[in-house]
Structure formats: structure tokens, C-alpha cells
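Beneath this line is the structure, given in C-alpha cells, with notes to follow.
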Amino acid sequence: MKKTLLLTGAALSAALLLTACGGGTVGETPSGDSGAKTNNKKLSLIPGVQAEPFYISMQCGAEAEAKKAGYELTTQAPQKFDAAMQTQLVNALGSNPPAALLIAPTDAQAMLAPIQQVKNRGSKIIEVDTALKDTSVAESSISSDNAEGGKLAAKTMAELAAGKTGSVLVLDTIAGTSTTNTRAKGFEDELKNYPNLKSAGVQFTQNEPDQAASKVTAALASTPDLIGIFATNLNTGEGAATGLRNAGKIGAVNLIGFDASPSEIEGLKKGEYQGLIAQDPAAIGQQGVQQAIAALEGKPVTRNLTASLHSITKANMDANAQYFYKQSC
């Protein structure tokens with residue numbers, strides 16, 4: 001009787017996890033085993049936020065690679081780029097974790113404990129896009145070279161300025177977000193190489209477009225010689241474009257965004273953006289799955305991988321269309 005009750009409880013736990021993931025098989029259930037070994041063909045992806053084209057493109061790349069390799073991948077994402085919301089999803093993996101968790105930590109420190117708990121239950125951890133400060137947790141980290149991305153944005157800004165003097169504002173997301181913070185620093189470091197351009201500082205937007213718009217409005221009032229804005233991700237870029245639009249400064253202040261979402265590409269066509277630094281999120285997802293499977297199958301794993309970056313302007317956008325982000329797979 002006791003054995004029957006235990007099996008029923010395990011089946012119920014598996015069913016609850018299946019419902020949370022929105023479908024798919026949970027995996028074989030070997031007798032006397034539990035945790036990630038139960039789901040030896042199951043991969044989970046928890047990106048930074050839902051409905052964002054960058055992460056959708058990453059999901060598309062990951063799903064295609066998992067399917068090709070005979071693995072199942074399910075994706076859940078928080079409604080906001082928020083550590084508390086992401087922690088809830090990680091904790092929901094519960095006692096029935098996947099064989100491997102691909103995750104974009106929304107905070108380099110706050111996400112350590114919940115991710116470590118999943119690892120302790122037997123899951124392999126693969127970081128995609130963002131990373132923990134503690135480098136002992138993940139098997140592999142795949143991201144863009146964010147410092148180089150920031151430097152590329154500064155170089156593009158200097159080209160757009162064409163020798164004109166002025167100040168440049170950096171709009172970052174949240175303090176503690178490894179990717180965007182590194183982009184901001186790379187930009188600031190490279191900007192020092194251009195005497196005609198001076199920094200107006202880095203301001204945080206909490207990854208909220210309306211806050212980015214407000215920061216732009218304030219900067220236009222306090223910095224009369226504002227010549228450019230570098231926005232470190234999609235939401236800050238869209239908010240910055242709104243702020244410039246409301247002030248009637250579209251085109252008068254060069255706006256460089258990071259990423260190449262459909263809305264940003266449309267903005268580039270309209271002249272709301274003068275430049276975009278595009279990543280290759282599909283390749284990040286693809287490589288994340290490849291590294292997860294290598295770790296699970298005892299094959300060599302590369303600890304750090306970087307994806308390519310591309311400076312896109314209105315003049316070269318047609319030649320770089322393969323790097324435009326998707327809204328659906």
C-alpha cells in the first residue's frame with residue numbers, strides 16, 4: 001500500500017509539472033530514481049522576460065536544435081525582467097527538475113540560490129544571454145560579447161556624429177544585470193577615444209520604457225548639447241525613441257539601440273533610430289542546447305561561448321536582414 005501511494009504521488013507531481021510547462025512528455029520514470037535523471041530528455045528554458053523578440057528568437061533557435069537532437073524543450077518566461085518573478089518559475093521546477101536548465105539570470109547575484117537548488121537536484125545548468133557572478137554553477141555560458149557590443153555602439157555613434165561635438169547619454173536597464181551593465185561600460189570606455197564626444201553619464205530605467213522616455217525628457221532639458229543616446233536593450237531603446245518623439249527631437253539626437261526587434265527595425269526605417277547593434281539570439285539558443293546535450297552525454301563542454309554582433313544602419317540594413325529578430329517561431 002505504501003509503495004502504491006508513493007508512486008501515485010510521483011505521478012501527480014509529474015502531472016502538475018507537465019501542466020505548468022504547457023504540454024509535452026515528462027520523460028521516463030525509472031524505478032528508484034528521481035530528480036533530473038527522471039527527465040533525461042527534457043530541457044527547460046527560462047529566459048529573461050516573455051514576449052520580447054530577442055528571447056523569442058532565442059527560443060526558436062533552442063527549440064529547433066533540441067528537436068533535431070531528439071530532446072524536448074519547454075519554455076517559461078517571467079512577465080517582467082524581474083528576479084522575484086523568475087525565481088518563482090525556477091522554484092516551480094520543484095522535485096521534478098529537467099535534465100538541463102537553460103536560463104538567462106535576471107540578476108547576477110539574486111538568482112544564485114534558486115538556480116543552485118536546481119543544480120543540486122541533478123540538473124545541468126546552462127547560462128544563455130546573462131550570467132551569474134558565481135562561475136561555479138553553470139556548465140557553460142553563451143552570450144554576446146557585451147563589452148565589444150558597447151564599443152561597437154560607441155564607434156557607430158562617432159561615425160554618425162561625423163566630428164560634431166556634443167554629449168552622449170547612456171540608458172541602462174537595472175544595476176546588477178550583467179549583460180546591459182557590461183554594454184554600458186564598453187560604450188563609456190570606447191567613447192573616451194573620441195574627443196568631440198563627452199559622456200552625459202549612465203542612467204538606469206528599471207527596464208521600463210516609460211522610465212526611459214522620462215529620462216530622455218529630463219536629459220534634453222538639462223543637457224542642451226545632447227547629441228546622442230545609447231540604449232542598452234530593447235525596452236530602453238523603445239522608451240528613448242518615445243521620449244525623442246514627444247520632444248520633437250527625432251533625428252536631431254542620434255539614437256543607437258541594442259538589438260533588432262521588429263519595432264526597432266521599423267524605427268530604423270522611419271529614422272527614429274540611427275543605428276542598432278544586433279545580436280544573434282537564435283545562435284545563442286542553438287549553442288545553449290548543444291552545450292546542454294554535450295554535458296548530459298559526457299562530451300566536451302565549452303565553458304564560455306560568444307555570438308556575433310552587427311552594427312546596422314539604414315544604409316546597410318538590407319544586407320543584414322538575417323539578424324532581424326522574430327516575433328514567433
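Chain labels follow the order of the C-alpha cells: the first chain is A, the next B, and so on; residue numbering restarts at 1 in every chain, and ligands are counted from 1 in their shown order.
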
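Those residues of stretch 128-180 of chain A that DSSP, working from the backbone, places in helix (DSSP H, G or I) are Asn146, Ala147, Glu148, Gly149, Gly150, Lys151, Leu152, Ala153, Ala154, Lys155, Thr156, Met157, Ala158, Glu159, Leu160, Ala161, Ser178, Thr179 and Thr180 of chain A.
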
Store the residues of this selection in a file with C-alpha atoms, as a CSV table (one decimal), in the first residue's frame.
```csv
chain,number,residue,atom,x,y,z
A,146,ASN,CA,28.7,42.7,-24.5
A,147,ALA,CA,31.7,44.8,-23.9
A,148,GLU,CA,32.5,44.6,-27.6
A,149,GLY,CA,28.9,45.4,-28.3
A,150,GLY,CA,29.1,48.6,-26.3
A,151,LYS,CA,32.3,49.5,-28.0
A,152,LEU,CA,30.8,48.9,-31.4
A,153,ALA,CA,27.9,51.2,-30.4
A,154,ALA,CA,30.3,54.0,-29.5
A,155,LYS,CA,32.2,53.6,-32.8
A,156,THR,CA,28.9,53.8,-34.6
A,157,MET,CA,27.9,56.9,-32.6
A,158,ALA,CA,31.2,58.6,-33.5
A,159,GLU,CA,30.6,57.8,-37.2
A,160,LEU,CA,27.1,59.2,-37.1
A,161,ALA,CA,28.4,62.4,-35.3
A,178,SER,CA,25.4,41.6,-16.3
A,179,THR,CA,24.8,42.0,-20.0
A,180,THR,CA,23.5,45.5,-20.2
```

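Relative to atom CA of A:Ala62, atom CA of A:Gly48 is found at 14.7 Å.
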
Quiz item: Per DSSP on the backbone, what are the strand (DSSP E or B) residues of stretch 139-241 of chain A, as a ChimeraX atom specification?
Solution: /A:140-144,166-172,197-204,226-231

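The coordinates place atom CA of A:Gly237 at 20.8 Å from atom CA of A:Asp318.
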
Practice problem: Within 9 Å of A:Thr173, counting only C-alpha atoms, which residues show up once you throw out same-chain ones fewer than 3 positions away? Write them as a count of residues only, please. | Solution: 15

Which residues of stretch 127-179 of chain A come within 12 Å of stretch 292-295 of chain A, and for each one, what is the closest pair of atoms and their distance in Å to one decimal, counting only C-alpha atoms, sorted by chain and residue number, as a tab-separated table?
```
residue	atom	partner	partner_atom	distance
A:Glu127	CA	A:Ala292	CA	9.8
A:Val128	CA	A:Ala292	CA	10.9
A:Ala138	CA	A:Ala292	CA	10.0
A:Glu139	CA	A:Ala295	CA	7.2
A:Ser140	CA	A:Ala292	CA	8.0
A:Ser141	CA	A:Ala292	CA	10.3
A:Ile142	CA	A:Ala292	CA	11.0
```

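Neighbours of A:Pro262 closer than or equal to 10 Å, with only C-alpha atoms counted and sequence neighbours fewer than 6 positions away skipped, come out as Pro53, Phe54, Leu268, Phe324, Tyr325, Lys326 and Gln327 of chain A.
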
What would the file look like if the residues just selected were written as an mmCIF file, in the first residue's frame with N, CA and C atoms?
```cif
data_model
loop_
_atom_site.group_PDB
_atom_site.id
_atom_site.type_symbol
_atom_site.label_atom_id
_atom_site.label_comp_id
_atom_site.auth_asym_id
_atom_site.auth_seq_id
_atom_site.Cartn_x
_atom_site.Cartn_y
_atom_site.Cartn_z
ATOM 1 N N PRO A 53 11.112 39.971 -28.517
ATOM 2 C CA PRO A 53 11.622 39.315 -29.723
ATOM 3 C C PRO A 53 13.001 38.689 -29.583
ATOM 4 N N PHE A 54 13.880 39.298 -28.787
ATOM 5 C CA PHE A 54 15.197 38.704 -28.583
ATOM 6 C C PHE A 54 15.057 37.301 -28.003
ATOM 7 N N LEU A 268 14.140 52.136 -37.326
ATOM 8 C CA LEU A 268 15.321 52.463 -38.129
ATOM 9 C C LEU A 268 14.906 52.920 -39.528
ATOM 10 N N PHE A 324 17.575 40.238 -38.091
ATOM 11 C CA PHE A 324 16.358 40.835 -37.525
ATOM 12 C C PHE A 324 15.683 39.801 -36.617
ATOM 13 N N TYR A 325 15.177 40.243 -35.479
ATOM 14 C CA TYR A 325 14.584 39.317 -34.507
ATOM 15 C C TYR A 325 13.155 38.917 -34.898
ATOM 16 N N LYS A 326 12.716 37.776 -34.358
ATOM 17 C CA LYS A 326 11.404 37.219 -34.680
ATOM 18 C C LYS A 326 10.374 37.518 -33.593
ATOM 19 N N GLN A 327 9.116 37.491 -33.995
ATOM 20 C CA GLN A 327 8.019 37.614 -33.042
ATOM 21 C C GLN A 327 7.360 36.275 -32.760
#
```

Quiz item: Between atom CA of A:Thr242 and atom CA of A:Ser214, what is the spacing in Å?
Solution: 9.2 Å

Quiz item: Within 10 Å of A:Phe230, counting only C-alpha atoms, which residues qualify if same-chain residues fewer than 4 places away don't, as an MDAnalysis selection string?
Solution: chainID A and resid 150 153:154 157 168:172 183:184 187:188 202 236:237 240 254:258 275:276

Write out the residues from the selection above, keeping N, CA and C atoms, as a PDB file, in the first residue's frame.
```
ATOM      1  N   GLY A 150      29.109  47.194 -26.716  1.00  0.00           N
ATOM      2  CA  GLY A 150      29.106  48.588 -26.292  1.00  0.00           C
ATOM      3  C   GLY A 150      30.124  49.412 -27.052  1.00  0.00           C
ATOM      4  N   ALA A 153      28.881  50.112 -30.474  1.00  0.00           N
ATOM      5  CA  ALA A 153      27.878  51.190 -30.445  1.00  0.00           C
ATOM      6  C   ALA A 153      28.548  52.557 -30.383  1.00  0.00           C
ATOM      7  N   ALA A 154      29.616  52.687 -29.584  1.00  0.00           N
ATOM      8  CA  ALA A 154      30.326  53.966 -29.481  1.00  0.00           C
ATOM      9  C   ALA A 154      30.993  54.328 -30.803  1.00  0.00           C
ATOM     10  N   MET A 157      28.317  55.517 -33.037  1.00  0.00           N
ATOM     11  CA  MET A 157      27.908  56.860 -32.621  1.00  0.00           C
ATOM     12  C   MET A 157      28.887  57.903 -33.155  1.00  0.00           C
ATOM     13  N   VAL A 168      26.713  62.627 -24.853  1.00  0.00           N
ATOM     14  CA  VAL A 168      26.020  61.376 -25.161  1.00  0.00           C
ATOM     15  C   VAL A 168      25.555  60.731 -23.870  1.00  0.00           C
ATOM     16  N   LEU A 169      24.280  60.381 -23.812  1.00  0.00           N
ATOM     17  CA  LEU A 169      23.674  59.748 -22.648  1.00  0.00           C
ATOM     18  C   LEU A 169      23.577  58.244 -22.863  1.00  0.00           C
ATOM     19  N   VAL A 170      23.854  57.489 -21.808  1.00  0.00           N
ATOM     20  CA  VAL A 170      23.664  56.037 -21.833  1.00  0.00           C
ATOM     21  C   VAL A 170      22.467  55.687 -20.954  1.00  0.00           C
ATOM     22  N   LEU A 171      21.523  54.966 -21.519  1.00  0.00           N
ATOM     23  CA  LEU A 171      20.377  54.462 -20.766  1.00  0.00           C
ATOM     24  C   LEU A 171      20.551  52.961 -20.563  1.00  0.00           C
ATOM     25  N   ASP A 172      20.761  52.564 -19.312  1.00  0.00           N
ATOM     26  CA  ASP A 172      20.921  51.156 -18.973  1.00  0.00           C
ATOM     27  C   ASP A 172      19.635  50.658 -18.313  1.00  0.00           C
ATOM     28  N   ARG A 183      27.565  46.298 -21.449  1.00  0.00           N
ATOM     29  CA  ARG A 183      27.427  47.100 -22.672  1.00  0.00           C
ATOM     30  C   ARG A 183      27.660  48.578 -22.366  1.00  0.00           C
ATOM     31  N   ALA A 184      27.067  49.037 -21.281  1.00  0.00           N
ATOM     32  CA  ALA A 184      27.222  50.444 -20.901  1.00  0.00           C
ATOM     33  C   ALA A 184      28.682  50.777 -20.637  1.00  0.00           C
ATOM     34  N   PHE A 187      30.699  50.891 -23.863  1.00  0.00           N
ATOM     35  CA  PHE A 187      30.401  52.130 -24.582  1.00  0.00           C
ATOM     36  C   PHE A 187      31.161  53.299 -23.972  1.00  0.00           C
ATOM     37  N   GLU A 188      31.085  53.437 -22.646  1.00  0.00           N
ATOM     38  CA  GLU A 188      31.753  54.537 -21.953  1.00  0.00           C
ATOM     39  C   GLU A 188      33.269  54.487 -22.158  1.00  0.00           C
ATOM     40  N   VAL A 202      25.511  57.559 -17.126  1.00  0.00           N
ATOM     41  CA  VAL A 202      24.674  56.365 -17.284  1.00  0.00           C
ATOM     42  C   VAL A 202      23.495  56.471 -16.328  1.00  0.00           C
ATOM     43  N   THR A 236      14.681  49.971 -23.279  1.00  0.00           N
ATOM     44  CA  THR A 236      15.231  51.320 -23.121  1.00  0.00           C
ATOM     45  C   THR A 236      15.259  52.044 -24.459  1.00  0.00           C
ATOM     46  N   GLY A 237      15.542  51.313 -25.530  1.00  0.00           N
ATOM     47  CA  GLY A 237      15.557  51.923 -26.856  1.00  0.00           C
ATOM     48  C   GLY A 237      14.189  52.423 -27.278  1.00  0.00           C
ATOM     49  N   ALA A 240      13.351  55.429 -25.221  1.00  0.00           N
ATOM     50  CA  ALA A 240      14.121  56.593 -25.656  1.00  0.00           C
ATOM     51  C   ALA A 240      13.532  57.188 -26.928  1.00  0.00           C
ATOM     52  N   ASN A 254      21.067  61.515 -32.220  1.00  0.00           N
ATOM     53  CA  ASN A 254      21.299  60.167 -32.739  1.00  0.00           C
ATOM     54  C   ASN A 254      20.991  59.121 -31.675  1.00  0.00           C
ATOM     55  N   LEU A 255      20.109  58.196 -31.999  1.00  0.00           N
ATOM     56  CA  LEU A 255      19.738  57.129 -31.077  1.00  0.00           C
ATOM     57  C   LEU A 255      20.258  55.797 -31.608  1.00  0.00           C
ATOM     58  N   ILE A 256      21.068  55.135 -30.788  1.00  0.00           N
ATOM     59  CA  ILE A 256      21.555  53.797 -31.116  1.00  0.00           C
ATOM     60  C   ILE A 256      20.965  52.823 -30.113  1.00  0.00           C
ATOM     61  N   GLY A 257      20.284  51.837 -30.613  1.00  0.00           N
ATOM     62  CA  GLY A 257      19.694  50.812 -29.764  1.00  0.00           C
ATOM     63  C   GLY A 257      20.502  49.533 -29.809  1.00  0.00           C
ATOM     64  N   PHE A 258      20.246  48.690 -28.842  1.00  0.00           N
ATOM     65  CA  PHE A 258      20.891  47.380 -28.805  1.00  0.00           C
ATOM     66  C   PHE A 258      19.801  46.355 -29.047  1.00  0.00           C
ATOM     67  N   GLY A 275      20.992  53.860 -35.560  1.00  0.00           N
ATOM     68  CA  GLY A 275      21.818  52.658 -35.565  1.00  0.00           C
ATOM     69  C   GLY A 275      21.293  51.626 -34.589  1.00  0.00           C
ATOM     70  N   LEU A 276      21.550  50.358 -34.881  1.00  0.00           N
ATOM     71  CA  LEU A 276      21.190  49.253 -33.998  1.00  0.00           C
ATOM     72  C   LEU A 276      22.371  48.298 -33.905  1.00  0.00           C
TER      73      LEU A 276
END
```

Practice problem: With a distance cut-off of 7 Å and only C-alpha atoms, select the neighbouring residues of stretch 84-94 of chain A, excluding the residue or stretch itself and same-chain residues fewer than 5 positions from it, and output the selection as a PyMOL selection string. | Solution: chain A and resi 17+78+111+114-115

Restricting the output to all heavy atoms, write the selected residues as a PDB file, in the first residue's frame.
```pdb
ATOM      1  N   LEU A  17       3.738  19.284 -12.990  1.00  0.00           N
ATOM      2  CA  LEU A  17       4.825  19.948 -13.712  1.00  0.00           C
ATOM      3  C   LEU A  17       4.490  20.046 -15.196  1.00  0.00           C
ATOM      4  O   LEU A  17       4.726  21.064 -15.840  1.00  0.00           O
ATOM      5  CB  LEU A  17       6.139  19.190 -13.513  1.00  0.00           C
ATOM      6  CG  LEU A  17       7.349  19.772 -14.229  1.00  0.00           C
ATOM      7  CD1 LEU A  17       7.627  21.186 -13.710  1.00  0.00           C
ATOM      8  CD2 LEU A  17       8.573  18.902 -14.037  1.00  0.00           C
ATOM      9  N   PRO A  78       9.216  34.922 -17.247  1.00  0.00           N
ATOM     10  CA  PRO A  78       8.518  35.863 -16.358  1.00  0.00           C
ATOM     11  C   PRO A  78       7.882  36.997 -17.151  1.00  0.00           C
ATOM     12  O   PRO A  78       8.324  37.321 -18.253  1.00  0.00           O
ATOM     13  CB  PRO A  78       9.632  36.381 -15.440  1.00  0.00           C
ATOM     14  CG  PRO A  78      10.892  36.188 -16.229  1.00  0.00           C
ATOM     15  CD  PRO A  78      10.678  34.964 -17.070  1.00  0.00           C
ATOM     16  N   MET A 111      19.754  35.494  -8.332  1.00  0.00           N
ATOM     17  CA  MET A 111      19.309  34.230  -8.912  1.00  0.00           C
ATOM     18  C   MET A 111      20.212  33.048  -8.555  1.00  0.00           C
ATOM     19  O   MET A 111      19.920  31.918  -8.930  1.00  0.00           O
ATOM     20  CB  MET A 111      19.223  34.360 -10.440  1.00  0.00           C
ATOM     21  CG  MET A 111      18.116  35.266 -10.947  1.00  0.00           C
ATOM     22  SD  MET A 111      16.485  34.847 -10.261  1.00  0.00           S
ATOM     23  CE  MET A 111      16.304  33.145 -10.772  1.00  0.00           C
ATOM     24  N   PRO A 114      18.282  30.105  -6.102  1.00  0.00           N
ATOM     25  CA  PRO A 114      17.304  29.221  -6.756  1.00  0.00           C
ATOM     26  C   PRO A 114      17.915  28.349  -7.851  1.00  0.00           C
ATOM     27  O   PRO A 114      17.538  27.180  -7.993  1.00  0.00           O
ATOM     28  CB  PRO A 114      16.261  30.192  -7.324  1.00  0.00           C
ATOM     29  CG  PRO A 114      16.903  31.531  -7.325  1.00  0.00           C
ATOM     30  CD  PRO A 114      17.879  31.536  -6.203  1.00  0.00           C
ATOM     31  N   ILE A 115      18.859  28.904  -8.622  1.00  0.00           N
ATOM     32  CA  ILE A 115      19.491  28.103  -9.666  1.00  0.00           C
ATOM     33  C   ILE A 115      20.358  27.007  -9.053  1.00  0.00           C
ATOM     34  O   ILE A 115      20.381  25.867  -9.528  1.00  0.00           O
ATOM     35  CB  ILE A 115      20.306  29.002 -10.613  1.00  0.00           C
ATOM     36  CG1 ILE A 115      19.374  29.934 -11.398  1.00  0.00           C
ATOM     37  CG2 ILE A 115      21.131  28.162 -11.586  1.00  0.00           C
ATOM     38  CD1 ILE A 115      20.090  30.976 -12.236  1.00  0.00           C
TER      39      ILE A 115
END
```

Exercise. Tell me which protein, DNA and RNA residues are within 12 Å of A:Gly248, counting only C-alpha atoms, leaving out same-chain ones fewer than 4 positions away, and put them as a ChimeraX atom specification.
Key: /A:216-217,220,241-244,252-253,272

Written selection (N, CA and C atoms) as a CSV table (one decimal), in the first residue's frame:
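File produced: result-v4.csv:
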```csv
chain,number,residue,atom,x,y,z
A,216,VAL,N,14.9,60.6,-20.9
A,216,VAL,CA,15.3,61.4,-22.1
A,216,VAL,C,14.7,62.8,-22.0
A,217,THR,N,13.5,62.9,-21.6
A,217,THR,CA,12.9,64.2,-21.5
A,217,THR,C,13.7,65.1,-20.5
A,220,LEU,N,17.2,66.1,-22.1
A,220,LEU,CA,17.1,67.1,-23.1
A,220,LEU,C,17.0,68.5,-22.5
A,241,ALA,N,13.1,56.3,-27.9
A,241,ALA,CA,12.5,56.8,-29.1
A,241,ALA,C,11.2,57.6,-28.8
A,242,THR,N,10.5,57.1,-27.8
A,242,THR,CA,9.2,57.8,-27.4
A,242,THR,C,9.5,59.1,-26.9
A,243,GLY,N,10.6,59.2,-26.0
A,243,GLY,CA,11.0,60.5,-25.4
A,243,GLY,C,11.4,61.5,-26.5
A,244,LEU,N,12.2,61.1,-27.4
A,244,LEU,CA,12.6,61.9,-28.5
A,244,LEU,C,11.4,62.4,-29.4
A,252,ALA,N,17.3,64.7,-34.6
A,252,ALA,CA,18.2,65.7,-34.1
A,252,ALA,C,19.2,65.2,-33.1
A,253,VAL,N,18.8,64.1,-32.4
A,253,VAL,CA,19.7,63.4,-31.5
A,253,VAL,C,19.8,61.9,-32.0
A,272,GLU,N,13.7,56.9,-36.6
A,272,GLU,CA,13.7,57.1,-35.2
A,272,GLU,C,15.0,56.6,-34.5
```

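Using only C-alpha atoms, the nearest neighbour of A:Tyr194 within the list A:Val137, A:Ala162, A:Ala219, A:Ala283 is A:Ala162.
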
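Considering the residues A:Ser261, A:Asn304, A:Gln76, A:Thr223 and counting only C-alpha atoms, A:Gln322 has its shortest atom-to-atom contact with A:Ser261.
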
Practice problem: Could you tell me which of A:Gly228, A:Ala36, A:Lys314, A:Ala113 comes closest to A:Leu132 if we count only C-alpha atoms? | Solution: A:Ala113

Quiz item: Taking into account only C-alpha atoms, which residue in the set A:Cys329, A:Val301, A:Ser44, A:Ile277 is nearest to A:Ser144?
Solution: A:Ile277

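Among A:Gly298, A:Gly239, A:Gly267, A:Gly166, the residue with the shortest atom-to-atom distance to A:Pro224, counting only C-alpha atoms, is A:Gly166.
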